[in-house]
file target23.txt (compact mmCIF, C-alpha atoms and all ligand atoms)
# COMPACT_ATOMS: atom_id res chain seq x y z
CA MET A 14 -119.98 -51.35 135.37
CA ILE A 15 -116.93 -51.17 133.12
CA SER A 16 -113.64 -50.09 134.60
CA SER A 17 -110.65 -49.15 132.45
CA SER A 18 -108.03 -49.12 135.21
CA ASN A 19 -105.72 -52.09 135.73
CA PRO A 20 -106.10 -53.90 132.42
CA ALA A 21 -107.03 -57.51 133.15
CA LEU A 22 -106.09 -59.17 129.91
CA PHE A 23 -102.66 -59.92 128.56
CA GLY A 24 -104.06 -60.70 125.14
CA ILE A 25 -106.86 -62.14 123.04
CA THR A 26 -106.74 -65.04 120.60
CA PRO A 27 -109.58 -64.02 118.28
CA PHE A 28 -110.37 -67.44 116.82
CA THR A 29 -109.90 -71.05 117.87
CA THR A 30 -111.62 -74.33 117.14
CA LEU A 31 -109.38 -76.28 119.54
CA ASP A 32 -109.87 -74.82 122.99
CA TYR A 33 -113.63 -75.05 123.57
CA PRO A 34 -115.13 -78.48 122.75
CA ASP A 35 -117.49 -78.27 119.76
CA LYS A 36 -117.44 -74.49 119.67
CA ILE A 37 -115.84 -71.73 117.64
CA ALA A 38 -114.36 -69.49 120.25
CA ALA A 39 -111.96 -66.73 121.21
CA ILE A 40 -109.57 -66.89 124.15
CA ALA A 41 -109.14 -64.12 126.70
CA TRP A 42 -105.73 -64.47 128.37
CA PHE A 43 -105.84 -63.04 131.89
CA ALA A 44 -102.58 -61.64 133.24
CA GLY A 45 -101.24 -62.97 136.54
CA CYS A 46 -101.31 -66.30 138.34
CA ASN A 47 -101.20 -67.47 141.95
CA LEU A 48 -99.18 -70.61 141.08
CA ARG A 49 -95.71 -71.06 139.62
CA CYS A 50 -95.89 -74.41 137.86
CA ALA A 51 -92.46 -75.66 136.85
CA TYR A 52 -93.59 -76.57 133.33
CA CYS A 53 -95.47 -73.30 132.70
CA TYR A 54 -94.48 -71.80 129.36
CA ASN A 55 -96.69 -68.74 129.78
CA ALA A 56 -94.16 -66.75 131.82
CA PRO A 57 -95.02 -63.34 130.32
CA ILE A 58 -98.74 -63.92 131.02
CA VAL A 59 -98.00 -65.08 134.57
CA LEU A 60 -95.46 -62.38 135.43
CA ASP A 61 -96.37 -59.30 133.37
CA LYS A 62 -99.23 -56.84 133.66
CA GLY A 63 -102.35 -56.83 131.50
CA LYS A 64 -102.62 -54.68 128.40
CA ILE A 65 -106.27 -54.92 127.37
CA ASP A 66 -108.88 -53.31 129.58
CA GLU A 67 -112.53 -54.19 130.02
CA GLU A 68 -113.75 -51.58 127.55
CA GLU A 69 -111.50 -52.88 124.79
CA PHE A 70 -112.55 -56.45 125.50
CA CYS A 71 -116.24 -55.51 125.34
CA ALA A 72 -115.66 -53.77 122.01
CA PHE A 73 -114.05 -57.02 120.80
CA LEU A 74 -117.05 -59.02 122.03
CA ASP A 75 -119.47 -56.68 120.25
CA LYS A 76 -117.72 -57.31 116.95
CA ARG A 77 -117.86 -61.09 117.40
CA ILE A 78 -121.59 -61.48 118.08
CA ASN A 79 -123.02 -64.08 115.66
CA LYS A 80 -119.47 -64.97 114.55
CA LEU A 81 -118.34 -66.94 117.62
CA ASP A 82 -120.17 -69.45 119.82
CA GLY A 83 -118.07 -69.10 122.89
CA ILE A 84 -115.35 -67.37 124.86
CA VAL A 85 -112.61 -69.09 126.85
CA PHE A 86 -111.23 -67.39 129.95
CA SER A 87 -107.67 -68.62 130.37
CA GLY A 88 -104.35 -67.29 131.57
CA GLY A 89 -102.57 -67.02 133.92
CA GLU A 90 -105.32 -67.74 136.39
CA CYS A 91 -108.45 -65.91 135.34
CA THR A 92 -110.32 -66.36 138.63
CA ILE A 93 -107.88 -64.21 140.62
CA SER A 94 -108.58 -61.19 138.42
CA ARG A 95 -110.77 -58.46 139.88
CA SER A 96 -112.34 -58.18 136.42
CA PHE A 97 -113.36 -61.83 136.22
CA LEU A 98 -117.02 -61.44 137.24
CA ASN A 99 -117.54 -58.21 135.29
CA LEU A 100 -116.13 -59.71 132.13
CA ALA A 101 -118.03 -62.97 132.57
CA ARG A 102 -121.24 -60.94 132.84
CA GLU A 103 -120.34 -59.01 129.67
CA VAL A 104 -119.72 -62.29 127.83
CA LYS A 105 -123.05 -63.76 128.88
CA LYS A 106 -124.95 -60.51 128.21
CA ARG A 107 -123.96 -60.90 124.58
CA GLY A 108 -125.17 -64.49 124.38
CA PHE A 109 -121.83 -66.32 124.22
CA SER A 110 -121.08 -69.57 126.05
CA LEU A 111 -118.27 -69.25 128.57
CA LYS A 112 -115.59 -71.81 129.27
CA VAL A 113 -113.22 -71.22 132.18
CA ASP A 114 -109.74 -72.73 132.37
CA THR A 115 -108.72 -72.76 136.03
CA ASN A 116 -106.32 -74.26 138.51
CA GLY A 117 -109.25 -74.47 140.91
CA THR A 118 -107.67 -72.63 143.81
CA ASN A 119 -110.28 -69.86 144.04
CA LEU A 120 -113.59 -71.55 144.76
CA GLY A 121 -115.26 -68.40 146.09
CA ILE A 122 -115.28 -66.62 142.75
CA LEU A 123 -116.23 -69.76 140.79
CA ASN A 124 -119.08 -70.33 143.21
CA THR A 125 -120.40 -66.80 142.68
CA ALA A 126 -120.09 -67.07 138.91
CA ILE A 127 -121.84 -70.45 138.83
CA ASP A 128 -124.63 -69.15 141.08
CA GLU A 129 -125.13 -66.35 138.54
CA ASN A 130 -125.21 -68.89 135.67
CA LEU A 131 -122.19 -67.22 134.06
CA ILE A 132 -120.13 -70.36 133.32
CA ASP A 133 -121.08 -73.14 130.91
CA TYR A 134 -118.00 -75.35 131.07
CA ILE A 135 -114.84 -75.63 133.17
CA ALA A 136 -111.48 -77.24 132.45
CA LEU A 137 -109.98 -77.91 135.87
CA ASP A 138 -106.25 -78.47 136.24
CA PHE A 139 -105.31 -81.25 138.65
CA LYS A 140 -101.68 -80.30 139.06
CA ALA A 141 -100.53 -83.06 141.40
CA HIS A 142 -101.56 -85.10 144.42
CA ALA A 143 -100.90 -83.63 147.87
CA GLN A 144 -97.36 -84.98 148.24
CA LYS A 145 -96.17 -83.42 144.98
CA TYR A 146 -98.39 -80.35 144.77
CA ARG A 147 -95.74 -77.96 146.08
CA LYS A 148 -93.02 -79.44 143.88
CA VAL A 149 -95.13 -79.01 140.74
CA THR A 150 -96.84 -75.69 141.51
CA GLY A 151 -94.58 -73.91 144.02
CA SER A 152 -97.65 -73.46 146.23
CA ASN A 153 -99.49 -75.13 149.09
CA LEU A 154 -102.99 -74.72 147.63
CA TYR A 155 -103.84 -78.41 147.24
CA PHE A 156 -106.67 -78.22 149.75
CA GLU A 157 -108.21 -75.27 147.86
CA PHE A 158 -108.06 -77.33 144.65
CA THR A 159 -109.83 -80.28 146.29
CA ARG A 160 -112.61 -78.01 147.58
CA THR A 161 -113.28 -76.86 144.02
CA LEU A 162 -113.18 -80.41 142.68
CA GLU A 163 -115.59 -81.63 145.35
CA TYR A 164 -117.92 -78.67 144.78
CA LEU A 165 -118.11 -79.19 141.00
CA ILE A 166 -118.81 -82.89 141.53
CA SER A 167 -121.47 -82.15 144.17
CA ILE A 168 -123.47 -79.86 141.85
CA ASN A 169 -122.94 -82.16 138.85
CA PHE A 170 -121.32 -79.33 136.89
CA ASN A 171 -120.23 -79.76 133.27
CA PHE A 172 -116.44 -79.95 133.60
CA GLU A 173 -113.31 -81.87 132.66
CA VAL A 174 -110.19 -82.60 134.67
CA ARG A 175 -106.78 -82.44 133.09
CA THR A 176 -103.19 -82.92 134.16
CA THR A 177 -100.01 -81.81 132.43
CA VAL A 178 -97.45 -84.60 132.50
CA HIS A 179 -93.72 -83.96 132.67
CA SER A 180 -92.54 -87.42 133.57
CA ASP A 181 -89.66 -86.21 135.76
CA LEU A 182 -92.29 -84.52 137.95
CA LEU A 183 -95.16 -87.03 137.74
CA ASN A 184 -94.63 -90.70 136.94
CA GLU A 185 -97.13 -93.46 136.13
CA ASP A 186 -97.74 -94.19 139.84
CA ASP A 187 -98.48 -90.53 140.53
CA ILE A 188 -101.01 -90.42 137.69
CA SER A 189 -102.60 -93.71 138.85
CA ASN A 190 -102.86 -92.22 142.34
CA MET A 191 -104.46 -89.04 140.96
CA ALA A 192 -106.95 -91.02 138.86
CA GLU A 193 -107.90 -92.93 142.01
CA ILE A 194 -108.34 -89.69 143.99
CA LEU A 195 -110.68 -88.37 141.28
CA TYR A 196 -112.65 -91.62 141.25
CA GLU A 197 -112.95 -91.78 145.03
CA LYS A 198 -114.23 -88.23 145.16
CA GLY A 199 -116.94 -89.19 142.67
CA TYR A 200 -115.63 -87.80 139.39
CA ARG A 201 -116.77 -89.93 136.47
CA GLY A 202 -115.83 -87.84 133.44
CA ASP A 203 -112.84 -88.31 131.18
CA TYR A 204 -109.41 -87.67 132.66
CA PHE A 205 -107.25 -85.76 130.18
CA LEU A 206 -103.47 -86.11 130.27
CA GLN A 207 -101.60 -83.39 128.40
CA ASN A 208 -98.02 -83.96 127.45
CA PHE A 209 -95.45 -81.38 128.54
CA LEU A 210 -94.79 -78.91 125.75
CA ASN A 211 -91.17 -77.87 125.51
CA THR A 212 -91.07 -74.36 124.11
CA GLY A 213 -87.52 -73.93 125.39
CA ASP A 214 -88.72 -71.46 128.01
CA ASN A 215 -90.61 -72.37 131.19
CA LEU A 216 -90.77 -71.22 134.81
CA GLY A 217 -88.84 -74.21 136.19
CA ASN A 218 -86.27 -74.24 133.40
CA LEU A 219 -87.35 -77.81 132.61
CA LYS A 220 -85.85 -79.69 129.71
CA GLU A 221 -87.24 -82.73 127.93
CA PRO A 222 -88.01 -85.37 130.58
CA LYS A 223 -85.33 -87.97 131.26
CA ASN A 224 -87.89 -90.57 132.34
CA ASN A 225 -90.16 -92.32 129.89
CA PHE A 226 -93.86 -92.14 130.52
CA ASP A 227 -95.55 -95.44 129.71
CA ILE A 228 -99.32 -95.01 129.67
CA SER A 229 -99.80 -98.80 129.82
CA LYS A 230 -98.44 -98.66 133.40
CA VAL A 231 -101.19 -96.28 134.53
CA THR A 232 -104.13 -97.88 136.29
CA SER A 233 -107.38 -95.96 136.25
CA LYS A 234 -111.09 -96.63 136.65
CA LEU A 235 -111.66 -93.43 134.67
CA ASN A 236 -111.44 -93.15 130.92
CA ILE A 237 -108.09 -91.52 130.15
CA LYS A 238 -107.70 -89.35 127.07
CA LEU A 239 -104.28 -88.28 125.84
CA ARG A 240 -103.40 -84.93 124.34
CA ASN A 241 -100.16 -84.36 122.45
CA PHE A 242 -98.53 -87.68 123.42
S1 LIG B 301 -99.41 -73.52 134.26
FE1 LIG B 301 -99.44 -72.97 136.45
S2 LIG B 301 -98.23 -71.07 136.59
FE2 LIG B 301 -98.78 -71.34 134.43
S3 LIG B 301 -100.67 -70.20 134.15
FE3 LIG B 301 -101.27 -72.33 134.62
S4 LIG B 301 -101.55 -72.40 136.84
FE4 LIG B 301 -100.39 -70.50 136.38

call {"tool": "encode", "arguments": {"input": "target23.txt", "output": "structure tokens"}}
result
Amino acid sequence: MISSSNPALFGITPFTTLDYPDKIAAIAWFAGCNLRCAYCYNAPIVLDKGKIDEEEFCAFLDKRINKLDGIVFSGGECTISRSFLNLAREVKKRGFSLKVDTNGTNLGILNTAIDENLIDYIALDFKAHAQKYRKVTGSNLYFEFTRTLEYLISINFNFEVRTTVHSDLLNEDDISNMAEILYEKGYRGDYFLQNFLNTGDNLGNLKEPKNNFDISKVTSKLNIKLRNF
């Protein structure tokens, strides 16, 4: 059932080859987020209301059939949107693959979507270990994140884990610790480290890091892949 009230999406990126591995995709940017990461440069998406309703998004999907392989749900935090399941069903009805970018703090909705075979791939943000989770995200949802991580590992789901690195927030020891947590919980995929992107505007008013980040000081049993370093 399509509902036009409360537009869920802040915007749509109609074409990307970078955000869904090996697929030509579009990105649906969901408005709103339950975290307040200091390095977040998506303030308007996090803080403002949506502008594109479900009907408009479905019309967009209809026009992209046979032109795109996949759709990425990103944000903001897409899983807190009341439209998440509806829109995921609309994506799958039209034969697209669905990738979900998530901070992993809303296992209930992910669980439902996975049970319905709506999601093909997940990029899971590991924001920080327990001691720094509040400092990085402004929230106390670390336990919720670990439940999602453990669940995805337990069902052998196709997913990646990634961490944004601002070296004044997370140093080499923190990342080594996080790699060890992932390994101990049974994750065996690649661990992606994404360098902080300074757009000059972020929620924590962060500047370029004062500390260097030396990847050679990170110890990890997992394969680490760097993005934008
Ligand atoms: S970086 Fe943090 S605050 Fe920004 S959208 Fe992602 S989870 Fe939300």

call {"tool": "residues_around", "arguments": {"input": "target23.txt", "residues": "range 206-214 of chain A", "least_positions_apart": "3", "cutoff": "10 Å", "atoms": "all atoms listed in the file", "output": "PyMOL selection string"}}
result
chain A and resi 52-56+139+174-180+188+203+217-222+226+228+237-242

call {"tool": "write_last_selection", "arguments": {"input": "target23.txt", "atoms": "C-alpha atoms", "output": "PDB file, in the frame of the given file"}}
result
ATOM      1  CA  TYR A  52     -93.590 -76.570 133.330  1.00  0.00           C
ATOM      2  CA  CYS A  53     -95.470 -73.300 132.700  1.00  0.00           C
ATOM      3  CA  TYR A  54     -94.480 -71.800 129.360  1.00  0.00           C
ATOM      4  CA  ASN A  55     -96.690 -68.740 129.780  1.00  0.00           C
ATOM      5  CA  ALA A  56     -94.160 -66.750 131.820  1.00  0.00           C
ATOM      6  CA  PHE A 139    -105.310 -81.250 138.650  1.00  0.00           C
ATOM      7  CA  VAL A 174    -110.190 -82.600 134.670  1.00  0.00           C
ATOM      8  CA  ARG A 175    -106.780 -82.440 133.090  1.00  0.00           C
ATOM      9  CA  THR A 176    -103.190 -82.920 134.160  1.00  0.00           C
ATOM     10  CA  THR A 177    -100.010 -81.810 132.430  1.00  0.00           C
ATOM     11  CA  VAL A 178     -97.450 -84.600 132.500  1.00  0.00           C
ATOM     12  CA  HIS A 179     -93.720 -83.960 132.670  1.00  0.00           C
ATOM     13  CA  SER A 180     -92.540 -87.420 133.570  1.00  0.00           C
ATOM     14  CA  ILE A 188    -101.010 -90.420 137.690  1.00  0.00           C
ATOM     15  CA  ASP A 203    -112.840 -88.310 131.180  1.00  0.00           C
ATOM     16  CA  GLY A 217     -88.840 -74.210 136.190  1.00  0.00           C
ATOM     17  CA  ASN A 218     -86.270 -74.240 133.400  1.00  0.00           C
ATOM     18  CA  LEU A 219     -87.350 -77.810 132.610  1.00  0.00           C
ATOM     19  CA  LYS A 220     -85.850 -79.690 129.710  1.00  0.00           C
ATOM     20  CA  GLU A 221     -87.240 -82.730 127.930  1.00  0.00           C
ATOM     21  CA  PRO A 222     -88.010 -85.370 130.580  1.00  0.00           C
ATOM     22  CA  PHE A 226     -93.860 -92.140 130.520  1.00  0.00           C
ATOM     23  CA  ILE A 228     -99.320 -95.010 129.670  1.00  0.00           C
ATOM     24  CA  ILE A 237    -108.090 -91.520 130.150  1.00  0.00           C
ATOM     25  CA  LYS A 238    -107.700 -89.350 127.070  1.00  0.00           C
ATOM     26  CA  LEU A 239    -104.280 -88.280 125.840  1.00  0.00           C
ATOM     27  CA  ARG A 240    -103.400 -84.930 124.340  1.00  0.00           C
ATOM     28  CA  ASN A 241    -100.160 -84.360 122.450  1.00  0.00           C
ATOM     29  CA  PHE A 242     -98.530 -87.680 123.420  1.00  0.00           C
TER      30      PHE A 242
END

call {"tool": "residues_near_ligand", "arguments": {"input": "target23.txt", "ligand": "ligand LIG 301 (chain B)", "cutoff": "6 Å", "atoms": "all atoms listed in the file", "output": "number ranges by chain"}}
result
A: 46, 48-50, 53, 55, 59, 88-90, 116

call {"tool": "closest_residue", "arguments": {"input": "target23.txt", "among": "A:Pro27, A:Gly117, A:Gly151, A:Gly108", "to": "Leu165 in chain A", "atoms": "only C-alpha atoms"}}
result
A:Gly117

call {"tool": "atom_distance", "arguments": {"input": "target23.txt", "atom1": "CA of Ala21 in chain A", "atom2": "CA of Leu98 in chain A"}}
result
11.5 Å

call {"tool": "residues_around", "arguments": {"input": "target23.txt", "residues": "range 124-137 of chain A", "least_positions_apart": "6", "cutoff": "6 Å", "atoms": "all atoms listed in the file", "output": "PyMOL selection string"}}
result
chain A and resi 111-116+171-174

call {"tool": "atom_distance", "arguments": {"input": "target23.txt", "atom1": "CA of Thr29 in chain A", "atom2": "CA of Leu216 in chain A"}}
result
25.6 Å

call {"tool": "residues_near_point", "arguments": {"input": "target23.txt", "point": "(-113.8, -87.5, 147.3)", "cutoff": "12 Å", "atoms": "only C-alpha atoms", "output": "PyMOL selection string"}}
result
chain A and resi 156+158-167+191-201

call {"tool": "residues_near_point", "arguments": {"input": "target23.txt", "point": "(-103.9, -83.1, 147.0)", "cutoff": "7 Å", "atoms": "only C-alpha atoms", "output": "ChimeraX atom specification"}}
result
/A:141-144,146,155-156,159

call {"tool": "closest_residue", "arguments": {"input": "target23.txt", "among": "A:Ile78, A:Ile122, A:Ile25, A:Leu183", "to": "Ala101 in chain A", "atoms": "all atoms listed in the file"}}
result
A:Ile122

call {"tool": "residues_around", "arguments": {"input": "target23.txt", "residues": "range 60-71 of chain A", "least_positions_apart": "6", "cutoff": "6 Å", "atoms": "all atoms listed in the file", "output": "number ranges by chain"}}
result
A: 17, 20-23, 44-45

call {"tool": "atom_distance", "arguments": {"input": "target23.txt", "atom1": "CA of Cys91 in chain A", "atom2": "CA of Lys105 in chain A"}}
result
16.1 Å

call {"tool": "closest_residue", "arguments": {"input": "target23.txt", "among": "A:Asn224, A:Arg107, A:Leu81, A:Trp42", "to": "Ser94 in chain A", "atoms": "only C-alpha atoms"}}
result
A:Trp42

call {"tool": "residues_around", "arguments": {"input": "target23.txt", "residues": "Asp227 in chain A", "least_positions_apart": "4", "cutoff": "9 Å", "atoms": "all atoms listed in the file", "output": "PyMOL selection string"}}
result
chain A and resi 184-185+231
